[in-house]
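S.K.: Got a structure for you, written out below as structure tokens; questions coming shortly.
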Amino acid sequence: MTISYNALSGALAAQAALNTVSQNIANSQTKGYTRQGVLLLATASEPGTKSAGNGVQIGSLLRFSDSYKSQQLWRTNSELGARSQVQPYLTQMETVMSDDKSSLSYGMDNFFTALNAAGVDPTSSPLRQQVITAADSMSQQFNSIYNVTANQLVSVQQQQSAILPSLNESLAGIAALNKQIIAVSGAGTNTSALQDKREQLIDSVASQVAVEVLTNPDGTANVSLKSGQPLVVSDLNAKLEFVSTSGATTLTLTFANSKFKLDDTKVGGQLGGLGNYKQNTLLPLQNSIKEIAEQMTQKINDQLRLGFKSDGTPGQDLLAFNPSSATGLLQVTSGFLTTDLAFSSDGTPGDSGNLQQLVGIKGQSITLTTLGSVLLGDADTQIVGKLGIDSQQNQSQLNTATTIRTQAEDDWKSTSAVNTDEEAINLVEFQNMYQANMKVIAVANALFDSTLQMFG
């Protein structure tokens with residue numbers, strides 16, 4: 001009987017819908033879960049029959065996913081990853097270099113103040129000793145700050161290397177899920193759970209490097225870097241590693257039998273953020289500290305050689321510059337004594353002509369790669385100012401990236417996340433649908449029994 005068949009198909013459809021609702025409710029707190037539904041289609045009547053139809057059928061299982069919103073989610077995670085990884089380094093460097101008692105400026109100011117004080121009595125041993133002590137203190141401050149930059153460089157490189165195993169594992173996972181999805185979908189099985197796992201892995205990869213994702217008709221997803229190099233194609237995945245050649249370390253991507261050299265400052269995400277900080281902030285800063293130390297040492301030593309000590313002999317170097325040492329970049333020359341300070345310009349005891357020239361060095365120009373020509377006394381202030389601007393800009397961009405990521409998550413949830421209130425309504429509606437169809441079946445059975453009784 002058509003009435004029984006229609007009601008049975010309706011009951012089965014309602015049961016399938018209730019199963020979907022129960023799955024959604026069960027995963028309402030599961031991170032990355034995409035809600036599902038059923039598409040119900042009316043079954044047309046047979047040709048040549050005057051029938052309302054042959055019930056209902058399940059057209060397909062629905063997965064409420066918006067590819068645009070997913071892409072936005074991944075893009076925002078790349079920006080957030082880049083900014084969040086860099087900020088701790090910027091904050092530490094800004095704090096160290098701008099500290100009132102440990103900055104380069106503080107050390108240089110104290111040294112030139114000691115030189116100026118020695119002008120009261122150029123022959124005074126205590127005042128001369130104060131100059132040497134201030135020079136040593138200034139050297140230690142240079143060494144201390146330079147050592148912070150060296151430690152940061154090591155930390156950044158280690159952190160970059162630590163990202164790669166996780167990144168490579170995620171890429172392999174995406175490729176494996178692509179393979180599973182092809183196999184499972186071919187058997188007609190629902191692949192929504194597999195797609196959820198894959199999208200979570202893609203989101204993880206996106207936080208580490210900026211990616212582009214293309215979903216293929218067979219359900220697989222191709223993942224590539226923003227610059228085009230492939231990361232995952234169907235069930236094949238790339239591997240990233242740092243390769244050292246002749247002392248230089250290069251980020252290399254290997255896919256199938258092809259190798260690509262990558263610029264780690266431009267890959268985006270955590271890896272790109274760290275690479276950009278290292279190349280465009282940390283190394284230039286480190287170089288600026290070396291340039292200040294080297295040019296100041298050169299000017300002070302050159303001026304001392306032009307003067308004369310108390311015994312009338314020519315002056316000698318006060319400072320030693322060693323660019324190959326992270327802890328001994330600048331030092332007072334070993335064995336340097338108070339009597340070695342060449343304050344006189346003509347060899348006359350008590351003359352301070354050369355001392356005044358030494359004091360004037362603070363107002364002389366030096367050349368820094370990052371800033372050009374600056375006064376020695378202003379160099380550190382300008383470096384710290386630039387570092388502060390970089391830190392503030394990154395913090396602002398981090399706040400913006402955090403806000404945009406939150407908005408992208410909310411947009412994604414508006415389409416794909418489970419709304420328990422909505423599911424509660426669906427639960428009642430499909431329950432009513434099931435009960436109504438079962439009642440129709442009961443009515444159909446009663447009619448059938450009545451018909452039999454008529455012929456009994």
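Chain identifiers are assigned as A, B, and so on, following the order in which chains appear in the structure tokens; residues are numbered from 1 within each chain, and ligands are numbered from 1 in order of appearance.
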Would you mind writing down, as a VMD selection string, each residue of range 48-265 of chain A that DSSP on the backbone assigns to strand (DSSP E or B)?
M.R.: chain A and resid 56 to 63 211 to 215 221 to 225 230 to 233 236 to 237 239 to 245 248 to 255 258 to 262
S.K.: Print the selection's residues with N, CA and C atoms to a file, as a short mmCIF file (atom, residue, chain, number, x, y, z; two decimals), in the first residue's frame.
M.R.:
```cif
data_model
loop_
_atom_site.label_atom_id
_atom_site.label_comp_id
_atom_site.auth_asym_id
_atom_site.auth_seq_id
_atom_site.Cartn_x
_atom_site.Cartn_y
_atom_site.Cartn_z
N VAL A 56 9.39 9.90 0.90
CA VAL A 56 10.55 10.78 1.01
C VAL A 56 11.82 9.94 1.01
N GLN A 57 12.90 10.56 0.55
CA GLN A 57 14.19 9.88 0.57
C GLN A 57 15.27 10.85 1.04
N ILE A 58 16.35 10.30 1.53
CA ILE A 58 17.49 11.13 1.97
C ILE A 58 18.35 11.40 0.75
N GLY A 59 18.34 12.66 0.31
CA GLY A 59 19.12 13.03 -0.87
C GLY A 59 20.61 12.95 -0.60
N SER A 60 21.03 13.46 0.54
CA SER A 60 22.45 13.42 0.90
C SER A 60 22.62 13.88 2.33
N LEU A 61 23.79 13.58 2.88
CA LEU A 61 24.17 14.14 4.18
C LEU A 61 24.84 15.48 3.94
N LEU A 62 24.47 16.46 4.70
CA LEU A 62 25.00 17.82 4.52
C LEU A 62 26.10 18.10 5.53
N ARG A 63 27.10 18.85 5.11
CA ARG A 63 28.17 19.32 6.00
C ARG A 63 28.19 20.84 5.87
N VAL A 211 49.57 29.78 4.09
CA VAL A 211 49.23 28.78 3.07
C VAL A 211 48.05 29.21 2.21
N GLU A 212 47.96 28.57 1.06
CA GLU A 212 46.78 28.63 0.21
C GLU A 212 46.24 27.21 0.08
N VAL A 213 44.92 27.07 0.14
CA VAL A 213 44.31 25.74 0.12
C VAL A 213 43.30 25.66 -1.04
N LEU A 214 43.40 24.60 -1.81
CA LEU A 214 42.48 24.35 -2.92
C LEU A 214 41.83 23.00 -2.72
N THR A 215 40.49 22.98 -2.64
CA THR A 215 39.74 21.73 -2.49
C THR A 215 39.38 21.18 -3.86
N ALA A 221 42.41 17.94 -0.58
CA ALA A 221 42.79 19.35 -0.46
C ALA A 221 44.27 19.50 -0.80
N ASN A 222 44.58 20.42 -1.69
CA ASN A 222 45.96 20.75 -2.01
C ASN A 222 46.38 21.97 -1.20
N VAL A 223 47.55 21.88 -0.57
CA VAL A 223 48.05 22.97 0.27
C VAL A 223 49.38 23.44 -0.29
N SER A 224 49.53 24.75 -0.42
CA SER A 224 50.78 25.31 -0.93
C SER A 224 51.16 26.54 -0.12
N LEU A 225 52.42 26.93 -0.23
CA LEU A 225 52.86 28.19 0.37
C LEU A 225 52.28 29.35 -0.42
N PRO A 230 54.53 23.70 -3.49
CA PRO A 230 53.54 22.74 -2.97
C PRO A 230 53.94 22.18 -1.60
N LEU A 231 52.96 22.06 -0.73
CA LEU A 231 53.16 21.42 0.57
C LEU A 231 52.46 20.06 0.61
N VAL A 232 51.23 20.01 0.08
CA VAL A 232 50.48 18.75 -0.02
C VAL A 232 49.73 18.75 -1.34
N VAL A 233 49.90 17.68 -2.10
CA VAL A 233 49.11 17.46 -3.31
C VAL A 233 48.58 16.04 -3.25
N LEU A 236 50.51 13.15 -1.44
CA LEU A 236 51.95 13.44 -1.39
C LEU A 236 52.18 14.69 -0.55
N ASN A 237 53.20 14.67 0.28
CA ASN A 237 53.50 15.83 1.12
C ASN A 237 54.96 16.23 1.03
N LYS A 239 58.54 18.11 2.63
CA LYS A 239 59.29 18.13 3.88
C LYS A 239 60.16 19.38 3.90
N LEU A 240 60.13 20.11 5.00
CA LEU A 240 60.94 21.31 5.13
C LEU A 240 62.07 21.06 6.12
N GLU A 241 63.23 21.62 5.83
CA GLU A 241 64.39 21.48 6.71
C GLU A 241 65.36 22.62 6.47
N PHE A 242 66.20 22.87 7.49
CA PHE A 242 67.27 23.84 7.35
C PHE A 242 68.54 23.11 6.93
N VAL A 243 69.13 23.54 5.82
CA VAL A 243 70.33 22.91 5.29
C VAL A 243 71.50 23.88 5.41
N SER A 244 72.58 23.43 6.00
CA SER A 244 73.77 24.27 6.17
C SER A 244 74.76 24.00 5.05
N THR A 245 75.15 25.06 4.38
CA THR A 245 76.13 24.95 3.30
C THR A 245 77.13 26.09 3.44
N ALA A 248 76.38 28.87 5.84
CA ALA A 248 75.09 29.54 5.68
C ALA A 248 73.97 28.52 5.79
N THR A 249 72.90 28.90 6.50
CA THR A 249 71.76 28.01 6.70
C THR A 249 70.59 28.47 5.83
N THR A 250 70.05 27.53 5.05
CA THR A 250 68.96 27.86 4.12
C THR A 250 67.76 26.96 4.38
N LEU A 251 66.58 27.55 4.39
CA LEU A 251 65.35 26.78 4.52
C LEU A 251 65.06 26.12 3.17
N THR A 252 64.93 24.80 3.18
CA THR A 252 64.74 24.04 1.94
C THR A 252 63.48 23.21 2.00
N LEU A 253 62.71 23.22 0.91
CA LEU A 253 61.49 22.42 0.79
C LEU A 253 61.73 21.33 -0.24
N THR A 254 61.47 20.09 0.13
CA THR A 254 61.62 18.96 -0.80
C THR A 254 60.25 18.36 -1.06
N PHE A 255 59.86 18.32 -2.34
CA PHE A 255 58.58 17.71 -2.73
C PHE A 255 58.85 16.78 -3.90
N SER A 258 61.84 17.23 -6.27
CA SER A 258 62.21 18.62 -6.49
C SER A 258 62.56 19.29 -5.17
N LYS A 259 63.55 20.16 -5.22
CA LYS A 259 63.98 20.93 -4.05
C LYS A 259 63.80 22.42 -4.33
N PHE A 260 63.31 23.14 -3.33
CA PHE A 260 63.10 24.58 -3.46
C PHE A 260 63.81 25.27 -2.30
N LYS A 261 64.59 26.29 -2.61
CA LYS A 261 65.19 27.11 -1.55
C LYS A 261 64.21 28.23 -1.21
N LEU A 262 63.92 28.38 0.08
CA LEU A 262 62.92 29.35 0.53
C LEU A 262 63.58 30.48 1.31
#
```
S.K.: Would you mind listing what lies within 12 Å of Ala118 in chain A as a VMD selection string, with only C-alpha atoms counted and same-chain residues fewer than 3 positions away left out?
M.R.: chain A and resid 111 to 115 121 to 132 134 338 341 to 344 350 to 356 358 to 359
S.K.: Calculate how many Å separate CA of Ser246 in chain A from CA of Ala162 in chain A, rounding to one decimal.
M.R.: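 Distance between the two atoms: 22.1 Å.
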S.K.: Please tabulate, as a tab-separated table, the residues of range 193-282 of chain A that come within 12 Å of range 370-378 of chain A, each with its closest pair of atoms and the distance in Å to one decimal, counting only C-alpha atoms and ordering rows by chain, then residue number upward.
M.R.:
```
residue	atom	partner	partner_atom	distance
A:Asn280	CA	A:Thr370	CA	10.1
A:Thr281	CA	A:Thr370	CA	9.9
A:Leu282	CA	A:Thr370	CA	11.7
```
S.K.: Could you jot down the CA of Gly347 in chain A to CA of Ala293 in chain A separation for me, Å, one decimal place?
M.R.: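 Taking CA of Gly347 in chain A and CA of Ala293 in chain A, their separation equals 28.6 Å.
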S.K.: Excluding Ser70 in chain A and its own-chain neighbours fewer than 3 positions away, which residues fall within 12 Å of it when counting only C-alpha atoms? Please give them as a PyMOL selection string.
M.R.: chain A and resi 32+34+64-67+73-77+196+198-200+202-203+206+212-215+405+408-416
S.K.: Could you pull out the helix (DSSP H, G or I) residues of range 99-308 of chain A, going by DSSP on the backbone, and write them as a PDB file with C-alpha atoms, in the first residue's frame?
M.R.:
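Listed below is the output, out_25.pdb:
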```
ATOM      1  CA  LEU A 104      74.705  51.803  26.120  1.00  0.00           C
ATOM      2  CA  SER A 105      73.970  55.495  26.566  1.00  0.00           C
ATOM      3  CA  TYR A 106      74.322  55.213  30.345  1.00  0.00           C
ATOM      4  CA  GLY A 107      77.748  53.600  30.008  1.00  0.00           C
ATOM      5  CA  MET A 108      79.000  56.090  27.412  1.00  0.00           C
ATOM      6  CA  ASP A 109      77.657  59.072  29.374  1.00  0.00           C
ATOM      7  CA  ASN A 110      79.468  57.923  32.511  1.00  0.00           C
ATOM      8  CA  PHE A 111      82.714  57.449  30.587  1.00  0.00           C
ATOM      9  CA  PHE A 112      82.669  60.906  29.030  1.00  0.00           C
ATOM     10  CA  THR A 113      81.566  62.396  32.360  1.00  0.00           C
ATOM     11  CA  ALA A 114      84.635  60.804  33.962  1.00  0.00           C
ATOM     12  CA  LEU A 115      86.824  62.271  31.210  1.00  0.00           C
ATOM     13  CA  ASN A 116      85.327  65.691  31.756  1.00  0.00           C
ATOM     14  CA  ALA A 117      85.849  65.416  35.532  1.00  0.00           C
ATOM     15  CA  ALA A 118      89.507  64.577  34.988  1.00  0.00           C
ATOM     16  CA  SER A 125      95.478  59.475  39.992  1.00  0.00           C
ATOM     17  CA  PRO A 126      91.962  58.984  41.478  1.00  0.00           C
ATOM     18  CA  LEU A 127      90.397  60.948  38.607  1.00  0.00           C
ATOM     19  CA  ARG A 128      92.445  58.995  36.085  1.00  0.00           C
ATOM     20  CA  GLN A 129      91.433  55.738  37.731  1.00  0.00           C
ATOM     21  CA  GLN A 130      87.805  56.843  37.512  1.00  0.00           C
ATOM     22  CA  VAL A 131      88.216  57.174  33.733  1.00  0.00           C
ATOM     23  CA  ILE A 132      89.563  53.614  33.441  1.00  0.00           C
ATOM     24  CA  THR A 133      86.841  52.270  35.743  1.00  0.00           C
ATOM     25  CA  ALA A 134      84.148  54.037  33.680  1.00  0.00           C
ATOM     26  CA  ALA A 135      85.689  52.653  30.475  1.00  0.00           C
ATOM     27  CA  ASP A 136      85.564  49.146  31.915  1.00  0.00           C
ATOM     28  CA  SER A 137      81.963  49.608  33.070  1.00  0.00           C
ATOM     29  CA  MET A 138      80.985  50.910  29.628  1.00  0.00           C
ATOM     30  CA  SER A 139      82.669  47.898  28.018  1.00  0.00           C
ATOM     31  CA  GLN A 140      80.741  45.488  30.230  1.00  0.00           C
ATOM     32  CA  GLN A 141      77.455  47.147  29.284  1.00  0.00           C
ATOM     33  CA  PHE A 142      78.296  46.821  25.590  1.00  0.00           C
ATOM     34  CA  ASN A 143      79.205  43.171  26.142  1.00  0.00           C
ATOM     35  CA  SER A 144      76.088  42.464  28.181  1.00  0.00           C
ATOM     36  CA  ILE A 145      73.671  43.907  25.630  1.00  0.00           C
ATOM     37  CA  TYR A 146      75.528  42.366  22.706  1.00  0.00           C
ATOM     38  CA  ASN A 147      75.375  39.011  24.494  1.00  0.00           C
ATOM     39  CA  VAL A 148      71.572  39.382  24.779  1.00  0.00           C
ATOM     40  CA  THR A 149      71.357  39.805  21.004  1.00  0.00           C
ATOM     41  CA  ALA A 150      73.618  36.761  20.497  1.00  0.00           C
ATOM     42  CA  ASN A 151      71.447  34.668  22.828  1.00  0.00           C
ATOM     43  CA  GLN A 152      68.313  35.836  21.050  1.00  0.00           C
ATOM     44  CA  LEU A 153      69.829  34.842  17.714  1.00  0.00           C
ATOM     45  CA  VAL A 154      70.500  31.335  19.010  1.00  0.00           C
ATOM     46  CA  SER A 155      66.998  31.153  20.519  1.00  0.00           C
ATOM     47  CA  VAL A 156      65.312  32.278  17.285  1.00  0.00           C
ATOM     48  CA  GLN A 157      67.231  29.721  15.238  1.00  0.00           C
ATOM     49  CA  GLN A 158      66.410  26.961  17.722  1.00  0.00           C
ATOM     50  CA  GLN A 159      62.750  27.935  17.746  1.00  0.00           C
ATOM     51  CA  GLN A 160      62.620  27.897  13.951  1.00  0.00           C
ATOM     52  CA  SER A 161      64.193  24.438  13.889  1.00  0.00           C
ATOM     53  CA  ALA A 162      61.750  23.225  16.557  1.00  0.00           C
ATOM     54  CA  ILE A 163      58.771  24.251  14.402  1.00  0.00           C
ATOM     55  CA  LEU A 164      59.758  22.052  11.459  1.00  0.00           C
ATOM     56  CA  PRO A 165      59.108  18.557  12.958  1.00  0.00           C
ATOM     57  CA  SER A 166      55.581  19.562  13.949  1.00  0.00           C
ATOM     58  CA  LEU A 167      55.008  21.220  10.569  1.00  0.00           C
ATOM     59  CA  ASN A 168      56.249  18.187   8.632  1.00  0.00           C
ATOM     60  CA  GLU A 169      54.117  15.863  10.763  1.00  0.00           C
ATOM     61  CA  SER A 170      51.009  17.944  10.059  1.00  0.00           C
ATOM     62  CA  LEU A 171      51.723  17.913   6.315  1.00  0.00           C
ATOM     63  CA  ALA A 172      52.072  14.130   6.366  1.00  0.00           C
ATOM     64  CA  GLY A 173      48.797  13.923   8.312  1.00  0.00           C
ATOM     65  CA  ILE A 174      46.953  16.021   5.719  1.00  0.00           C
ATOM     66  CA  ALA A 175      48.246  13.803   2.903  1.00  0.00           C
ATOM     67  CA  ALA A 176      47.193  10.652   4.787  1.00  0.00           C
ATOM     68  CA  LEU A 177      43.698  12.057   5.379  1.00  0.00           C
ATOM     69  CA  ASN A 178      43.416  12.953   1.686  1.00  0.00           C
ATOM     70  CA  LYS A 179      44.104   9.306   0.887  1.00  0.00           C
ATOM     71  CA  GLN A 180      41.539   8.114   3.455  1.00  0.00           C
ATOM     72  CA  ILE A 181      38.882  10.490   2.163  1.00  0.00           C
ATOM     73  CA  ILE A 182      39.260   9.186  -1.387  1.00  0.00           C
ATOM     74  CA  ALA A 183      38.962   5.583  -0.206  1.00  0.00           C
ATOM     75  CA  VAL A 184      36.051   6.165   2.178  1.00  0.00           C
ATOM     76  CA  SER A 185      34.011   8.405  -0.117  1.00  0.00           C
ATOM     77  CA  GLY A 186      34.364   5.826  -2.884  1.00  0.00           C
ATOM     78  CA  SER A 192      32.830  14.708   7.528  1.00  0.00           C
ATOM     79  CA  ALA A 193      34.893  13.563  10.537  1.00  0.00           C
ATOM     80  CA  LEU A 194      37.955  13.061   8.324  1.00  0.00           C
ATOM     81  CA  GLN A 195      37.503  16.501   6.802  1.00  0.00           C
ATOM     82  CA  ASP A 196      37.266  18.015  10.295  1.00  0.00           C
ATOM     83  CA  LYS A 197      40.598  16.435  11.245  1.00  0.00           C
ATOM     84  CA  ARG A 198      42.180  17.669   8.027  1.00  0.00           C
ATOM     85  CA  GLU A 199      40.959  21.235   8.517  1.00  0.00           C
ATOM     86  CA  GLN A 200      42.366  21.283  12.038  1.00  0.00           C
ATOM     87  CA  LEU A 201      45.744  20.171  10.688  1.00  0.00           C
ATOM     88  CA  ILE A 202      45.568  22.842   7.989  1.00  0.00           C
ATOM     89  CA  ASP A 203      44.828  25.446  10.674  1.00  0.00           C
ATOM     90  CA  SER A 204      47.877  24.230  12.608  1.00  0.00           C
ATOM     91  CA  VAL A 205      50.049  24.478   9.485  1.00  0.00           C
ATOM     92  CA  ALA A 206      48.652  27.949   8.759  1.00  0.00           C
ATOM     93  CA  SER A 207      49.857  29.179  12.155  1.00  0.00           C
ATOM     94  CA  GLN A 208      53.375  28.040  11.243  1.00  0.00           C
ATOM     95  CA  GLY A 269      53.309  32.332  10.094  1.00  0.00           C
ATOM     96  CA  GLN A 270      55.525  31.614  13.078  1.00  0.00           C
ATOM     97  CA  LEU A 271      58.420  30.488  10.895  1.00  0.00           C
ATOM     98  CA  GLY A 272      58.295  33.610   8.722  1.00  0.00           C
ATOM     99  CA  GLY A 273      57.782  35.950  11.674  1.00  0.00           C
ATOM    100  CA  LEU A 274      60.890  34.635  13.394  1.00  0.00           C
ATOM    101  CA  GLY A 275      62.883  34.758  10.152  1.00  0.00           C
ATOM    102  CA  ASN A 276      61.821  38.337   9.500  1.00  0.00           C
ATOM    103  CA  TYR A 277      62.705  39.422  13.046  1.00  0.00           C
ATOM    104  CA  LYS A 278      66.095  37.752  12.817  1.00  0.00           C
ATOM    105  CA  GLN A 279      66.982  39.214   9.421  1.00  0.00           C
ATOM    106  CA  ASN A 280      65.421  42.679   9.587  1.00  0.00           C
ATOM    107  CA  THR A 281      65.579  43.593  13.283  1.00  0.00           C
ATOM    108  CA  LEU A 282      67.940  41.453  15.348  1.00  0.00           C
ATOM    109  CA  LEU A 283      70.932  41.186  12.987  1.00  0.00           C
ATOM    110  CA  PRO A 284      70.832  44.921  12.052  1.00  0.00           C
ATOM    111  CA  LEU A 285      70.608  45.774  15.764  1.00  0.00           C
ATOM    112  CA  GLN A 286      73.523  43.508  16.550  1.00  0.00           C
ATOM    113  CA  ASN A 287      75.516  45.072  13.731  1.00  0.00           C
ATOM    114  CA  SER A 288      74.710  48.593  14.982  1.00  0.00           C
ATOM    115  CA  ILE A 289      76.061  47.768  18.449  1.00  0.00           C
ATOM    116  CA  LYS A 290      79.249  46.455  16.866  1.00  0.00           C
ATOM    117  CA  GLU A 291      79.563  49.562  14.672  1.00  0.00           C
ATOM    118  CA  ILE A 292      79.170  51.896  17.653  1.00  0.00           C
ATOM    119  CA  ALA A 293      81.748  49.960  19.668  1.00  0.00           C
ATOM    120  CA  GLU A 294      84.201  49.749  16.779  1.00  0.00           C
ATOM    121  CA  GLN A 295      84.022  53.391  15.698  1.00  0.00           C
ATOM    122  CA  MET A 296      84.076  54.715  19.261  1.00  0.00           C
ATOM    123  CA  THR A 297      87.100  52.529  20.044  1.00  0.00           C
ATOM    124  CA  GLN A 298      88.853  53.752  16.910  1.00  0.00           C
ATOM    125  CA  LYS A 299      88.213  57.426  17.692  1.00  0.00           C
ATOM    126  CA  ILE A 300      89.285  57.165  21.354  1.00  0.00           C
ATOM    127  CA  ASN A 301      92.413  55.134  20.609  1.00  0.00           C
ATOM    128  CA  ASP A 302      93.414  57.364  17.675  1.00  0.00           C
ATOM    129  CA  GLN A 303      93.088  60.455  19.868  1.00  0.00           C
ATOM    130  CA  LEU A 304      95.064  58.900  22.725  1.00  0.00           C
ATOM    131  CA  ARG A 305      97.915  58.072  20.320  1.00  0.00           C
ATOM    132  CA  LEU A 306      98.059  61.760  19.383  1.00  0.00           C
TER     133      LEU A 306
END
```
S.K.: If you count only C-alpha atoms, which residues fall within 7 Å of range 15-27 of chain A, apart from same-chain ones fewer than 2 positions away, as a list in words?
M.R.: Ala11, Leu12, Ala13, Gln29, Thr30, Tyr33, Arg35, Gln36, Gly37, Val38, Val418, Thr420, Glu423, Leu427, Phe430 and Tyr434 of chain A
S.K.: Could you take the residues named above and write them with N, CA and C atoms, as a PDB file, in the first residue's frame?
M.R.:
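Full text of out.pdb as output:
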```pdb
ATOM      1  N   ALA A  11       9.254   7.721   8.317  1.00  0.00           N
ATOM      2  CA  ALA A  11       9.795   7.334   9.624  1.00  0.00           C
ATOM      3  C   ALA A  11      11.302   7.098   9.543  1.00  0.00           C
ATOM      4  N   LEU A  12      11.726   6.432   8.459  1.00  0.00           N
ATOM      5  CA  LEU A  12      13.156   6.169   8.287  1.00  0.00           C
ATOM      6  C   LEU A  12      13.943   7.471   8.079  1.00  0.00           C
ATOM      7  N   ALA A  13      13.364   8.394   7.321  1.00  0.00           N
ATOM      8  CA  ALA A  13      14.016   9.688   7.101  1.00  0.00           C
ATOM      9  C   ALA A  13      14.125  10.466   8.404  1.00  0.00           C
ATOM     10  N   GLN A  29      30.639  20.474  21.942  1.00  0.00           N
ATOM     11  CA  GLN A  29      31.832  21.077  22.547  1.00  0.00           C
ATOM     12  C   GLN A  29      33.128  20.535  21.937  1.00  0.00           C
ATOM     13  N   THR A  30      33.008  19.792  20.844  1.00  0.00           N
ATOM     14  CA  THR A  30      34.199  19.244  20.189  1.00  0.00           C
ATOM     15  C   THR A  30      34.846  20.307  19.303  1.00  0.00           C
ATOM     16  N   TYR A  33      34.669  20.643  15.214  1.00  0.00           N
ATOM     17  CA  TYR A  33      33.582  19.826  14.654  1.00  0.00           C
ATOM     18  C   TYR A  33      32.680  20.682  13.772  1.00  0.00           C
ATOM     19  N   ARG A  35      29.050  20.941  12.004  1.00  0.00           N
ATOM     20  CA  ARG A  35      27.721  20.354  12.161  1.00  0.00           C
ATOM     21  C   ARG A  35      27.221  19.769  10.848  1.00  0.00           C
ATOM     22  N   GLN A  36      26.345  18.768  10.989  1.00  0.00           N
ATOM     23  CA  GLN A  36      25.830  18.056   9.833  1.00  0.00           C
ATOM     24  C   GLN A  36      24.302  18.109   9.787  1.00  0.00           C
ATOM     25  N   GLY A  37      23.750  17.703   8.661  1.00  0.00           N
ATOM     26  CA  GLY A  37      22.301  17.659   8.485  1.00  0.00           C
ATOM     27  C   GLY A  37      21.949  16.672   7.384  1.00  0.00           C
ATOM     28  N   VAL A  38      20.682  16.493   7.159  1.00  0.00           N
ATOM     29  CA  VAL A  38      20.232  15.611   6.072  1.00  0.00           C
ATOM     30  C   VAL A  38      19.390  16.417   5.091  1.00  0.00           C
ATOM     31  N   VAL A 418      27.969  23.948  16.190  1.00  0.00           N
ATOM     32  CA  VAL A 418      26.678  23.430  16.645  1.00  0.00           C
ATOM     33  C   VAL A 418      25.987  24.466  17.532  1.00  0.00           C
ATOM     34  N   THR A 420      23.127  24.520  20.060  1.00  0.00           N
ATOM     35  CA  THR A 420      22.313  23.551  20.814  1.00  0.00           C
ATOM     36  C   THR A 420      20.836  23.933  20.837  1.00  0.00           C
ATOM     37  N   GLU A 423      19.492  22.767  17.557  1.00  0.00           N
ATOM     38  CA  GLU A 423      19.420  21.306  17.523  1.00  0.00           C
ATOM     39  C   GLU A 423      18.273  20.794  18.399  1.00  0.00           C
ATOM     40  N   LEU A 427      15.410  18.456  17.137  1.00  0.00           N
ATOM     41  CA  LEU A 427      15.117  17.196  17.823  1.00  0.00           C
ATOM     42  C   LEU A 427      13.607  17.008  18.004  1.00  0.00           C
ATOM     43  N   PHE A 430      11.838  16.545  14.395  1.00  0.00           N
ATOM     44  CA  PHE A 430      12.020  15.238  13.766  1.00  0.00           C
ATOM     45  C   PHE A 430      11.403  14.127  14.612  1.00  0.00           C
ATOM     46  N   TYR A 434       8.658  11.624  13.158  1.00  0.00           N
ATOM     47  CA  TYR A 434       8.731  10.167  13.305  1.00  0.00           C
ATOM     48  C   TYR A 434       7.415   9.624  13.880  1.00  0.00           C
TER      49      TYR A 434
END
```
S.K.: Record the distance separating CA of Ala82 in chain A and CA of Gly268 in chain A, expressed in Å with one decimal.
M.R.: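 Going from CA of Ala82 in chain A over to CA of Gly268 in chain A covers 6.4 Å.
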